[in-house]
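*Asks:* Take a look at the following structure, please.
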Amino acid sequence: QVNFVESGGGSVQAGGSLRLSCLASRSTYKYIFNGHCMAWFRQAPGKEREGVGSFGVDGITWYADSVKGRFTISKDNREGRLYLQMNSLKPEDTATYFCAAARVPRCFSNTDYSYWGQGTHVAVSS
């Protein structure tokens, strides 16, 4: 079941930028979007899914070391959108990116995410 719809993926050369967007697919999910921990994950071919960053209702953000300083998560509660601004992209950033929401408002390292999007693919060439 698709709860969120991601967009903005594509192909880009190393050093380039992309901005991913995540939109609640139904009005019921906007409630989840506005009041719960949101996060971005990615999964590269042959690799496990990994967390990229999270954004809690308290405004606290977390980023994986591999993207820290290059990626930024932001939210537009009025539009119900979660963004992932990706700068200085590297070939190792190539993956399918997913947004997800938890059932709790704040994000922690062991937070369980229950609502997912279908993903958008990012390909970075060297």
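Lettering and numbering for the structure tokens are positional, with chains as A, B, ... in the shown order, residues counted from 1 in each chain, and ligands counted from 1 in the shown order.
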What lies within 10 Å of Gly56 of chain A using only C-alpha atoms, ignoring chain neighbours under 6 positions off, as a short mmCIF file (atom, residue, chain, number, x, y, z; two decimals) with C-alpha atoms, in the first residue's frame?

*Replies:*
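Saved file selection_5.cif follows:
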data_model
loop_
_atom_site.label_atom_id
_atom_site.label_comp_id
_atom_site.auth_asym_id
_atom_site.auth_seq_id
_atom_site.Cartn_x
_atom_site.Cartn_y
_atom_site.Cartn_z
CA ASN A 34 2.21 16.58 9.94
CA GLY A 35 2.26 14.90 13.32
CA HIS A 36 4.84 12.15 13.07
CA CYS A 37 8.52 11.52 12.56
CA MET A 38 9.36 11.51 8.84
CA ALA A 39 12.47 10.12 7.21
CA TRP A 62 19.45 13.48 11.86
CA LYS A 75 9.10 19.99 5.54
CA ALA A 101 6.63 8.01 8.46
CA ALA A 102 6.62 6.57 11.94
CA VAL A 104 5.48 8.59 16.85
CA PRO A 105 6.26 12.31 16.66
CA ARG A 106 9.95 12.22 17.50
CA CYS A 107 12.65 10.31 15.68
CA PHE A 108 15.09 7.99 17.38
#

*Asks:* Mind checking which residues fall within 8 Å of Phe98 of chain A, counting only C-alpha atoms, ignoring those fewer than 4 positions away in the same chain, and posting them as a list of chain:residue names?

*Replies:*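 Selected residues are A:Glu6, A:Trp40, A:Phe41, A:Arg42, A:Trp116, A:Gly117, A:Gln118, A:Gly119, A:Thr120.
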
*Asks:* Of the residues A:Ser109, A:Ile73, A:Glu79, A:Thr96, which is the one nearest to Phe33 of chain A, using only C-alpha atoms?

*Replies:*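 Checking each candidate against Phe33 of chain A, we get A:Glu79 as the closest.
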
*Asks:* So which one's closest to Arg26 of chain A, A:Val67, A:Thr111, A:Phe4, A:Gln13? Using only C-alpha atoms, please.

*Replies:*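 Going through A:Val67, A:Thr111, A:Phe4, A:Gln13 one by one, the smallest distance to Arg26 of chain A is for A:Phe4.
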
*Asks:* Pick out the closest residue to Met86 of chain A from this set: A:Ser66, A:Ala100, A:Tyr31, A:Val57. Count only C-alpha atoms.

*Replies:* A:Ser66

*Asks:* Could you check which of A:Phe55, A:Arg49, A:Ala24, A:Gly15 is closest to Pro91 of chain A, using only C-alpha atoms?

*Replies:*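 Checking each of A:Phe55, A:Arg49, A:Ala24, A:Gly15 against Pro91 of chain A, counting only C-alpha atoms, the winner is A:Gly15.
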
*Asks:* Looking at only C-alpha atoms, which of A:Ile32, A:Val124, A:Ser54, A:Arg103 is the one that sits closest to Leu84 of chain A?

*Replies:* A:Ser54
